[in-house]
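Student: What follows is final-v9.cif; its format and atoms are mmCIF, C-alpha atoms and all ligand atoms.
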```cif
data_work
loop_
_atom_site.label_atom_id
_atom_site.label_comp_id
_atom_site.auth_asym_id
_atom_site.auth_seq_id
_atom_site.Cartn_x
_atom_site.Cartn_y
_atom_site.Cartn_z
CA MET Y 86 155.95 204.48 85.76
CA ARG Y 87 155.55 200.68 85.27
CA SER Y 88 158.55 198.38 85.46
CA PRO Y 89 159.14 195.80 82.66
CA LEU Y 90 158.52 193.02 85.20
CA SER Y 91 154.94 194.01 85.99
CA ARG Y 92 154.18 194.44 82.29
CA ARG Y 93 155.31 190.87 81.76
CA THR Y 94 153.13 189.68 84.65
CA VAL Y 95 150.09 191.31 83.10
CA ALA Y 96 150.81 189.64 79.77
CA CYS Y 97 151.11 186.23 81.45
CA LEU Y 98 147.84 186.65 83.29
CA ALA Y 99 146.06 187.63 80.10
CA LEU Y 100 147.24 184.56 78.18
CA PRO Y 101 144.90 181.91 79.71
CA LEU Y 102 141.92 184.17 79.11
CA ALA Y 103 142.78 184.42 75.45
CA LEU Y 104 142.32 180.63 75.21
CA VAL Y 105 138.74 180.76 76.48
CA PRO Y 106 136.28 181.21 73.61
CA PHE Y 107 133.53 183.84 73.59
CA VAL Y 108 135.06 185.82 76.43
CA ALA Y 109 135.37 189.47 75.63
CA ARG Y 110 136.89 190.59 78.91
CA ALA Y 111 137.96 189.29 82.28
CA ALA Y 112 135.28 188.76 84.92
CA ALA Y 113 136.31 188.28 88.54
CA PRO Y 114 136.27 184.59 89.60
CA VAL Y 115 133.55 183.59 92.05
CA ALA Y 116 133.58 180.89 94.74
CA ILE Y 117 130.74 178.67 95.92
CA SER Y 118 131.25 176.82 99.17
CA ILE Y 119 129.89 173.37 99.97
CA ASP Y 120 129.27 172.99 103.69
CA ASN Y 121 126.75 170.92 105.61
CA PHE Y 122 125.41 169.42 102.37
CA ALA Y 123 124.49 172.85 100.96
CA PHE Y 124 125.80 175.20 98.23
CA THR Y 125 126.43 178.79 99.34
CA PRO Y 126 125.34 181.00 97.70
CA GLN Y 127 122.62 178.73 96.42
CA VAL Y 128 121.63 181.16 93.66
CA LEU Y 129 124.40 183.10 91.99
CA THR Y 130 124.31 185.68 89.20
CA VAL Y 131 127.56 186.26 87.28
CA PRO Y 132 128.60 188.05 84.10
CA LEU Y 133 129.54 186.07 81.01
CA GLY Y 134 133.02 184.57 81.16
CA THR Y 135 133.10 184.16 84.94
CA ILE Y 136 135.07 181.25 86.36
CA VAL Y 137 133.03 179.71 89.17
CA THR Y 138 134.83 177.44 91.65
CA TRP Y 139 133.08 175.05 94.03
CA LYS Y 140 135.04 173.88 97.06
CA ASN Y 141 133.98 171.02 99.31
CA GLY Y 142 134.29 171.81 103.02
CA ASP Y 143 132.45 168.67 104.19
CA ASP Y 144 134.03 165.41 105.30
CA ILE Y 145 131.79 163.59 102.82
CA PRO Y 146 132.40 163.79 99.05
CA HIS Y 147 130.09 165.65 96.70
CA THR Y 148 129.85 166.20 92.95
CA ILE Y 149 128.58 169.08 90.82
CA VAL Y 150 126.22 168.02 88.02
CA ASP Y 151 124.51 170.44 85.64
CA THR Y 152 120.93 169.31 84.94
CA GLY Y 153 121.41 170.42 81.33
CA GLY Y 154 124.66 168.48 80.92
CA ALA Y 155 126.98 171.47 80.40
CA PHE Y 156 129.29 170.41 83.25
CA ARG Y 157 129.88 167.49 85.55
CA SER Y 158 132.67 167.42 88.13
CA PRO Y 159 134.65 164.39 89.18
CA VAL Y 160 134.07 163.38 92.81
CA LEU Y 161 135.19 166.13 95.18
CA ASP Y 162 136.60 164.84 98.45
CA THR Y 163 137.22 167.17 101.40
CA ASP Y 164 138.93 170.42 100.26
CA ASP Y 165 138.78 169.43 96.58
CA ALA Y 166 137.61 172.09 94.15
CA PHE Y 167 136.02 172.16 90.71
CA SER Y 168 135.93 175.14 88.33
CA PHE Y 169 133.83 175.89 85.30
CA THR Y 170 133.96 178.91 83.00
CA PHE Y 171 130.52 180.14 82.02
CA ALA Y 172 130.92 181.13 78.38
CA THR Y 173 127.22 181.07 77.45
CA VAL Y 174 124.47 183.32 78.75
CA GLY Y 175 121.62 181.49 80.48
CA GLU Y 176 120.41 179.77 83.62
CA TYR Y 177 122.13 176.64 84.92
CA GLY Y 178 120.48 174.40 87.49
CA TYR Y 179 122.85 171.96 89.15
CA PHE Y 180 122.85 169.38 91.95
CA CYS Y 181 125.08 166.91 93.78
CA GLY Y 182 125.15 163.54 92.03
CA LEU Y 183 125.48 161.73 95.36
CA HIS Y 184 122.97 163.80 97.32
CA PRO Y 185 120.51 165.15 94.75
CA HIS Y 186 118.56 167.06 97.39
CA MET Y 187 121.51 169.47 97.26
CA THR Y 188 120.68 171.92 94.47
CA GLY Y 189 121.93 175.29 93.22
CA ARG Y 190 121.44 177.72 90.35
CA ILE Y 191 123.73 179.99 88.37
CA ILE Y 192 122.43 182.80 86.22
CA VAL Y 193 124.88 184.03 83.59
CA THR Y 194 124.17 187.52 82.27
CA ARG Y 195 125.63 189.39 79.33
CA GLY Y 196 127.46 191.44 81.95
CA MET W 102 123.25 146.19 128.08
CA GLU W 103 122.16 142.55 128.54
CA PRO W 104 119.45 141.13 126.32
CA GLN W 105 116.22 140.87 128.23
CA ASP W 106 112.86 139.37 127.49
CA THR W 107 110.15 141.99 127.75
CA SER W 108 107.63 140.19 125.59
CA GLN W 109 105.42 139.44 128.62
CA ASP W 110 104.97 143.13 129.24
CA GLY W 111 103.84 143.76 125.68
CA PRO W 112 106.08 146.74 125.05
CA THR W 113 104.96 149.22 122.45
CA ARG W 114 106.86 149.35 119.17
CA ARG W 115 107.80 152.94 119.91
CA PHE W 116 109.46 151.78 123.10
CA LEU W 117 111.34 149.10 121.23
CA LEU W 118 112.44 151.50 118.54
CA GLU W 119 113.83 153.79 121.22
CA CYS W 120 115.43 150.84 122.89
CA MET W 121 117.16 149.86 119.69
CA THR W 122 118.14 153.31 118.63
CA TRP W 123 119.37 154.57 121.95
CA ALA W 124 120.54 151.49 123.81
CA GLY W 125 121.70 149.47 120.81
CA THR W 126 120.34 146.26 122.29
CA GLY W 127 119.86 143.09 120.29
CA VAL W 128 116.21 142.85 119.43
CA LEU W 129 114.30 139.89 118.12
CA TRP W 130 111.86 141.19 115.62
CA SER W 131 109.43 138.96 113.86
CA VAL W 132 106.57 139.23 111.44
CA ALA W 133 104.12 136.35 111.67
CA ALA W 134 100.83 136.24 109.81
CA GLY W 135 101.12 139.97 109.16
CA LEU W 136 101.21 140.79 112.85
CA PRO W 137 104.44 142.47 113.83
CA GLN W 138 105.78 141.36 117.16
CA ALA W 139 108.92 142.43 118.87
CA ALA W 140 110.79 141.18 121.86
CA MET W 141 114.26 141.49 123.23
CA LEU W 142 116.29 138.59 121.99
CA GLY W 143 117.17 135.65 124.17
CA SER W 144 120.16 133.74 122.81
CA ALA W 145 118.19 130.46 123.03
CA GLU W 146 115.71 131.76 120.47
CA ALA W 147 118.48 132.74 118.10
CA ALA W 148 120.11 129.33 118.43
CA GLU W 149 117.05 127.40 117.31
CA ALA W 150 116.76 129.20 113.98
CA ALA W 151 117.21 126.83 111.04
CA PHE W 152 119.33 129.18 109.04
CA SER W 153 120.49 132.74 109.13
CA PHE W 154 122.39 135.30 107.12
CA VAL W 155 124.21 138.47 108.06
CA GLN W 156 123.90 141.98 106.71
CA ILE W 157 126.80 144.42 106.79
CA SER W 158 126.63 147.91 105.36
CA ASP W 159 128.44 151.15 104.72
CA SER W 160 132.02 150.01 105.29
CA HIS W 161 133.27 153.21 103.54
CA ILE W 162 136.81 151.90 103.04
CA GLY W 163 138.92 154.95 102.17
CA PHE W 164 137.22 157.31 104.63
CA ASP W 165 139.91 158.80 106.89
CA LYS W 166 138.28 161.69 108.72
CA VAL W 167 137.86 162.34 112.45
CA ALA W 168 134.60 160.35 112.76
CA ASN W 169 136.65 157.17 112.13
CA PRO W 170 140.22 157.45 110.81
CA ASP W 171 140.42 153.67 110.25
CA PRO W 172 137.24 152.07 108.87
CA LEU W 173 139.25 149.03 107.74
CA ALA W 174 139.92 148.26 111.40
CA THR W 175 136.24 148.50 112.35
CA LEU W 176 135.30 146.39 109.30
CA HIS W 177 137.82 143.85 110.57
CA GLU W 178 136.02 143.83 113.94
CA ALA W 179 132.71 143.27 112.15
CA VAL W 180 134.29 140.37 110.25
CA GLU W 181 135.52 138.83 113.51
CA GLN W 182 132.07 139.29 115.04
CA ILE W 183 130.50 137.37 112.15
CA LYS W 184 133.11 134.60 112.34
CA ALA W 185 132.37 134.20 116.05
CA LEU W 186 128.60 133.72 115.62
CA ALA W 187 127.31 130.60 117.38
CA GLN W 188 125.17 129.71 114.40
CA LYS W 189 127.15 129.86 111.17
CA PRO W 190 125.32 132.14 108.72
CA ALA W 191 124.58 130.87 105.21
CA PHE W 192 125.94 134.00 103.54
CA VAL W 193 126.50 137.74 103.89
CA LEU W 194 124.67 140.64 102.29
CA HIS W 195 126.56 143.92 101.90
CA THR W 196 124.09 146.75 101.33
CA GLY W 197 126.51 149.20 99.76
CA ASP W 198 128.96 152.04 100.33
CA ILE W 199 131.60 149.34 100.34
CA THR W 200 134.15 152.05 99.53
CA HIS W 201 134.23 155.78 100.14
CA LEU W 202 135.43 157.03 96.73
CA SER W 203 135.13 153.97 94.42
CA ARG W 204 138.92 153.73 94.10
CA PRO W 205 140.40 150.37 93.03
CA ALA W 206 142.60 150.23 96.16
CA GLU W 207 139.53 150.77 98.36
CA PHE W 208 137.59 148.00 96.59
CA ASP W 209 140.66 145.74 96.93
CA ALA W 210 141.05 146.37 100.66
CA ALA W 211 137.33 145.82 101.32
CA GLN W 212 137.24 142.65 99.25
CA GLN W 213 140.28 141.16 100.99
CA MET W 214 138.90 141.94 104.44
CA ILE W 215 135.40 140.63 103.71
CA ALA W 216 136.84 137.46 102.15
CA GLU W 217 138.16 136.59 105.62
CA ILE W 218 134.59 135.76 106.65
CA GLY W 219 134.85 132.74 104.36
CA LEU W 220 131.20 132.90 103.25
CA PRO W 221 129.50 133.85 99.98
CA VAL W 222 128.81 137.61 99.88
CA PHE W 223 126.09 139.30 97.84
CA TYR W 224 126.35 143.02 97.16
CA VAL W 225 124.39 146.02 96.02
CA PRO W 226 126.24 149.30 95.40
CA GLY W 227 125.92 152.51 97.41
CA GLU W 228 126.30 155.96 95.90
CA HIS W 229 129.95 155.90 97.06
CA ASP W 230 130.61 152.79 94.94
CA VAL W 231 129.65 154.31 91.57
CA LEU W 232 131.93 157.38 91.57
CA ASP W 233 134.32 156.00 88.95
CA GLU W 234 134.40 157.59 85.51
CA GLY W 235 132.22 154.78 84.16
CA ARG W 236 129.56 155.56 86.81
CA GLY W 237 129.35 152.08 88.26
CA ARG W 238 131.45 150.20 85.69
CA ALA W 239 134.16 149.50 88.29
CA TYR W 240 131.57 148.06 90.68
CA LEU W 241 130.01 145.89 87.95
CA ASP W 242 133.39 144.58 86.78
CA ARG W 243 134.05 143.38 90.31
CA TYR W 244 130.63 142.33 91.63
CA GLY W 245 128.26 142.33 88.67
CA ALA W 246 128.63 138.72 87.47
CA GLY W 247 125.18 137.28 86.80
CA SER W 248 123.44 140.59 87.49
CA ARG W 249 121.26 142.75 85.26
CA GLY W 250 121.37 146.48 84.51
CA ALA W 251 123.33 148.39 87.14
CA GLY W 252 123.72 145.26 89.27
CA TRP W 253 120.19 144.06 90.16
CA HIS W 254 120.07 140.38 90.93
CA SER W 255 117.93 137.72 92.50
CA PHE W 256 118.52 134.28 93.99
CA GLU W 257 116.76 131.67 96.08
CA GLN W 258 118.10 129.85 99.12
CA HIS W 259 116.26 127.66 101.63
CA GLY W 260 112.94 128.61 100.03
CA VAL W 261 113.49 132.34 100.52
CA ARG W 262 113.68 134.65 97.49
CA TYR W 263 116.34 137.38 97.74
CA ILE W 264 116.25 140.42 95.48
CA GLY W 265 119.09 142.97 95.32
CA LEU W 266 118.07 146.35 93.92
CA VAL W 267 120.20 149.33 92.86
CA ASN W 268 118.81 152.78 93.69
CA VAL W 269 121.93 154.97 93.59
CA LEU W 270 122.23 155.75 89.87
CA ASP W 271 120.73 158.37 87.55
CA LEU W 272 119.61 160.45 90.51
CA LYS W 273 117.59 163.53 89.56
CA ALA W 274 118.05 167.08 90.87
CA GLY W 275 115.99 167.61 94.01
CA GLY W 276 115.16 163.91 94.12
CA LEU W 277 115.77 160.81 96.20
CA GLY W 278 117.06 157.31 95.45
CA ASN W 279 115.97 155.99 92.09
CA LEU W 280 115.21 152.49 90.73
CA GLY W 281 114.01 153.40 87.24
CA ASN W 282 111.53 151.80 84.87
CA GLU W 283 113.72 149.04 83.52
CA GLN W 284 114.62 147.72 86.97
CA LEU W 285 111.01 147.97 88.19
CA GLU W 286 109.82 145.93 85.22
CA TRP W 287 112.52 143.37 85.93
CA LEU W 288 111.36 143.21 89.56
CA GLU W 289 107.73 142.74 88.49
CA ASN W 290 108.74 139.86 86.19
CA THR W 291 111.06 138.32 88.77
CA VAL W 292 108.32 137.92 91.39
CA ALA W 293 105.48 137.24 88.95
CA GLY W 294 105.80 133.47 89.02
CA LEU W 295 106.36 133.12 92.76
CA SER W 296 103.80 131.75 95.19
CA SER W 297 102.50 134.36 97.64
CA SER W 298 103.76 132.20 100.49
CA THR W 299 107.39 132.59 99.36
CA PRO W 300 109.23 134.73 101.92
CA ILE W 301 110.83 137.70 100.15
CA VAL W 302 113.95 139.57 101.23
CA VAL W 303 114.67 142.76 99.30
CA PHE W 304 117.98 144.52 99.84
CA ALA W 305 119.08 147.88 98.47
CA HIS W 306 121.36 150.71 99.63
CA ILE W 307 119.09 153.74 100.09
CA PRO W 308 115.96 153.02 102.16
CA LEU W 309 113.05 152.09 99.88
CA TRP W 310 110.67 153.84 102.27
CA SER W 311 110.58 157.52 103.04
CA VAL W 312 112.77 157.87 106.14
CA TYR W 313 113.63 161.56 105.87
CA PRO W 314 113.28 163.11 102.41
CA GLU W 315 114.78 166.40 103.64
CA TRP W 316 118.12 164.55 103.73
CA GLY W 317 117.35 162.48 100.64
CA TRP W 318 116.67 159.39 102.77
CA GLY W 319 114.11 157.61 100.64
CA THR W 320 113.55 156.24 97.14
CA GLU W 321 111.55 158.15 94.56
CA ASP W 322 109.88 155.09 93.02
CA GLY W 323 110.21 152.78 96.04
CA ALA W 324 106.43 152.70 96.53
CA ARG W 325 106.01 151.25 93.03
CA ALA W 326 108.45 148.46 93.85
CA LEU W 327 106.40 147.64 96.94
CA THR W 328 103.16 147.32 94.96
CA TYR W 329 104.70 144.25 93.25
CA LEU W 330 105.43 142.73 96.66
CA ARG W 331 102.15 143.48 98.41
CA ARG W 332 100.58 140.05 97.77
CA PHE W 333 103.39 138.20 99.56
CA GLY W 334 102.84 137.05 103.13
CA SER W 335 106.32 137.96 104.33
CA VAL W 336 108.46 140.72 102.86
CA THR W 337 111.60 141.98 104.57
CA VAL W 338 113.30 145.09 103.18
CA LEU W 339 116.91 145.58 104.28
CA ASN W 340 118.68 148.87 103.61
CA GLY W 341 121.78 150.83 104.65
CA HIS W 342 122.88 154.38 103.76
CA ILE W 343 121.64 156.14 106.89
CA HIS W 344 124.22 154.53 109.23
CA GLN W 345 121.73 153.82 112.00
CA ILE W 346 118.94 151.41 112.84
CA MET W 347 115.44 152.35 111.76
CA GLN W 348 112.51 150.07 111.28
CA LYS W 349 108.84 150.07 110.55
CA VAL W 350 106.14 147.61 109.58
CA GLU W 351 103.50 148.20 106.94
CA GLY W 352 101.11 145.29 106.45
CA ASN W 353 103.27 142.26 105.63
CA VAL W 354 106.31 144.37 104.85
CA ALA W 355 109.02 144.85 107.45
CA PHE W 356 111.54 147.61 106.77
CA HIS W 357 114.90 147.68 108.50
CA THR W 358 118.11 149.68 108.08
CA ALA W 359 121.48 148.48 109.38
CA ARG W 360 124.26 150.24 111.21
CA SER W 361 127.43 151.15 109.34
CA THR W 362 130.73 149.47 110.15
CA ALA W 363 132.50 152.83 109.60
CA PHE W 364 130.84 155.85 111.21
CA PRO W 365 127.44 156.90 112.57
CA GLN W 366 125.17 159.52 111.02
CA PRO W 367 122.76 161.73 112.97
CA VAL W 368 119.19 160.90 113.87
CA PRO W 369 117.03 162.75 111.29
CA GLY W 370 116.64 166.43 112.04
CA THR W 371 119.05 166.48 114.99
CA ALA W 372 121.96 168.02 113.06
CA PRO W 373 122.38 170.65 110.35
CA SER W 374 123.31 167.93 107.84
CA PRO W 375 123.50 164.13 107.56
CA GLY W 376 127.33 164.21 107.71
CA PRO W 377 129.33 161.80 109.91
CA VAL W 378 128.78 162.16 113.66
CA ARG W 379 131.97 162.57 115.67
CA VAL W 380 131.84 160.79 119.00
CA ALA W 381 134.37 160.05 121.72
CA PRO W 382 136.62 157.15 120.65
CA GLY W 383 135.15 154.89 123.36
CA GLU W 384 131.63 155.50 122.03
CA LEU W 385 132.21 154.79 118.34
CA ARG W 386 131.90 150.99 118.42
CA LYS W 387 128.57 151.19 120.25
CA LEU W 388 127.19 152.93 117.16
CA LEU W 389 128.67 150.54 114.57
CA GLY W 390 127.70 146.94 114.04
CA THR W 391 126.25 144.09 112.02
CA THR W 392 122.78 142.67 111.52
CA SER W 393 121.82 139.03 111.65
CA VAL W 394 118.61 137.70 110.11
CA SER W 395 117.27 134.28 111.09
CA PHE W 396 114.64 132.16 109.43
CA VAL W 397 112.81 129.18 110.86
CA PRO W 398 111.02 127.17 108.14
CA GLY W 399 107.44 126.40 109.05
CA ARG W 400 107.42 129.15 111.66
CA GLN W 401 107.57 131.88 109.05
CA PRO W 402 108.98 134.79 111.11
CA LEU W 403 112.21 136.42 110.09
CA ALA W 404 114.10 137.54 113.16
CA ILE W 405 116.35 140.56 112.85
CA VAL W 406 119.08 141.08 115.42
CA ASP W 407 121.37 144.12 115.42
CA THR W 408 124.62 143.71 117.30
CA PRO W 409 126.97 146.64 117.97
CA LEU W 410 130.73 146.12 117.63
CA ALA W 411 131.01 146.91 121.34
CA GLY W 412 128.97 147.70 124.43
CU CU S 501 126.60 165.65 98.01
FE FE S 502 127.12 155.28 103.67
FE FE S 503 125.08 155.93 101.05
#
```
Could you quickly redo this structure as structure tokens?
Tutor:
Amino acid sequence: MRSPLSRRTVACLALPLALVPFVARAAAPVAISIDNFAFTPQVLTVPLGTIVTWKNGDDIPHTIVDTGGAFRSPVLDTDDAFSFTFATVGEYGYFCGLHPHMTGRIIVTRG
Amino acid sequence: MEPQDTSQDGPTRRFLLECMTWAGTGVLWSVAAGLPQAAMLGSAEAAEAAFSFVQISDSHIGFDKVANPDPLATLHEAVEQIKALAQKPAFVLHTGDITHLSRPAEFDAAQQMIAEIGLPVFYVPGEHDVLDEGRGRAYLDRYGAGSRGAGWHSFEQHGVRYIGLVNVLDLKAGGLGNLGNEQLEWLENTVAGLSSSTPIVVFAHIPLWSVYPEWGWGTEDGARALTYLRRFGSVTVLNGHIHQIMQKVEGNVAFHTARSTAFPQPVPGTAPSPGPVRVAPGELRKLLGTTSVSFVPGRQPLAIVDTPLAG
């Protein structure tokens, strides 16, 4: 039997999701690492509504820039992270605004 | 290592390149009548030059990682090195990455330190200098007086035409450095009226030539810029960004990249990424330094001398 406390926790966790448009249900967040001037995984497929977080492990700053203009991070210094919630199905090509040879792709499916 | 004159032995350019890259020796490097010649520098030759200027690059003020926890201190050493030059330079060129993260405090610290040289300083931005929300607005507010576009500018001194180009903005996915149409047209117009005997010095952050595209070390439309400069008898292209000395000669065009005053980066292909190289503390200053360029009117050659901060 559930305690009142854990019911409250569940309600709190659900609240931020309710603020995100077009998201029918929670998708597990996914991380992309930036190490040695490369995004890993370089190509990522996620269901609609997924929060993707990039984290910079290099001692040089990077940025995350969508070629289509959907997102653009501020500069990420070492250990800084940037998150974006993918609320539209499609394919997103992105690169580092400082080192444009660094590229990655995210494919958002209906889930 | 002491400067030595090896010009009698006619050393190959490959040898000299290795000498510069690995031993960090001062090298006199001249381009006369389109024939590149190189020789280790004797101080007497440097002293007779009619005028000179100094290039510093990649000071990365704000960087605080293991490769160099205090780049303001090494910039200070570079400043002292310039102040101690036997022949007082006419001015200083800074080829970008002044700061590490484009923060106002970083720009302030760099500006105060560089002002200690007591000479005019001309800048072009690096990709680390345009990270503010305005994508270069902060740089332009500080250094952009009299410039066009993202900070391109041109001036003449002692009969030499200097052109500062900006190739760190509007970079495209998968691409290299980028000048863009507007700037290229401005460059074409800027040099259009000049006599072909005018010595040209072009300075920009990312190398205009293809150094190592796998690491983004080159400029997408750099070749187009060079077509406007081909007719000139003496063109010197000074770049930074790669934190090490590289040079090549193509016809009348001499390309040269300067050391950083902050931290070294790896020789192309020798590391998994172009990130800062960590060396033993005693080794760092051998890999940092400044570049001095001398010009003797009537003798045409521009002499480029790289001097490490130590050793
Ligand atoms: Cu990057
Ligand atoms: Fe740099
Ligand atoms: Fe750079």
Student: Using all atoms listed in the file, find the residues of chain Y whose closest atom to chain W is at most 8 Å away, then write them as a CSV table (one decimal) with C-alpha atoms, in the coordinates of the input.
Tutor:
```
chain,number,residue,atom,x,y,z
Y,121,ASN,CA,126.8,170.9,105.6
Y,122,PHE,CA,125.4,169.4,102.4
Y,143,ASP,CA,132.4,168.7,104.2
Y,144,ASP,CA,134.0,165.4,105.3
Y,145,ILE,CA,131.8,163.6,102.8
Y,146,PRO,CA,132.4,163.8,99.0
Y,152,THR,CA,120.9,169.3,84.9
Y,159,PRO,CA,134.6,164.4,89.2
Y,160,VAL,CA,134.1,163.4,92.8
Y,179,TYR,CA,122.8,172.0,89.2
Y,180,PHE,CA,122.8,169.4,92.0
Y,181,CYS,CA,125.1,166.9,93.8
Y,182,GLY,CA,125.2,163.5,92.0
Y,183,LEU,CA,125.5,161.7,95.4
Y,184,HIS,CA,123.0,163.8,97.3
Y,185,PRO,CA,120.5,165.2,94.8
Y,186,HIS,CA,118.6,167.1,97.4
Y,187,MET,CA,121.5,169.5,97.3
Y,188,THR,CA,120.7,171.9,94.5
```
Student: I'd like the neighbourhood of segment 123-131 of chain Y as a ChimeraX atom specification, where a residue qualifies if any of its atoms comes within 8 Å (using only C-alpha atoms), though same-chain residues fewer than 4 positions away should be ignored.
Tutor: /Y:117-119,135,187-194,196
Student: How many Å separate atom CA of Leu295 of chain W from atom CA of Val267 of chain W?
Tutor: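 If I compute the distance from atom CA of Leu295 of chain W to atom CA of Val267 of chain W, I get 21.3 Å.
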Student: Taking into account only C-alpha atoms, which residue in the set Y:Val150, Y:Pro114, Y:Pro132, Y:Gly142 is nearest to Ala166 of chain Y?
Tutor: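 Closest to Ala166 of chain Y, using only C-alpha atoms: Y:Gly142.
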Student: Pick out the residues sitting within 10 Å of Ala206 of chain W, and hand them over as a ChimeraX atom specification; count all atoms listed in the file, and ignore anything fewer than 5 positions along from it in its own chain.
Tutor: /W:162-163,200,211-212
Student: Within 6 Å of ligand FE 502 (chain S), which residues show up when you count only C-alpha atoms and all ligand atoms? List them as a list in words, please.
Tutor: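 With only C-alpha atoms and all ligand atoms and a cut-off of 6 Å, ligand FE 502 (chain S) is contacted by Asp159, Asp198 and His342 of chain W.
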Student: Which one of Y:Gly175, Y:Val115, Y:Val137, Y:His147 sits closest to Thr163 of chain Y if you count all atoms listed in the file?
Tutor: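 Closest residue, counting all atoms listed in the file: Y:His147.
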Student: Quick one, how far is atom CA of Ala324 of chain W from atom CA of Leu309 of chain W?
Tutor: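 Calculated distance between atom CA of Ala324 of chain W and atom CA of Leu309 of chain W is 7.4 Å.
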Student: Report the distance between atom CA of Val174 of chain Y and atom CA of Gly154 of chain Y in Å, rounded to one decimal place.
Tutor: 15.0 Å
Student: Using all atoms listed in the file, pick whichever of W:Leu280, W:Ala179, W:Leu173, W:Val261 has the shortest atom-to-atom distance to Leu389 of chain W.
Tutor: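 Counting all atoms listed in the file, the residue closest to Leu389 of chain W is W:Ala179.
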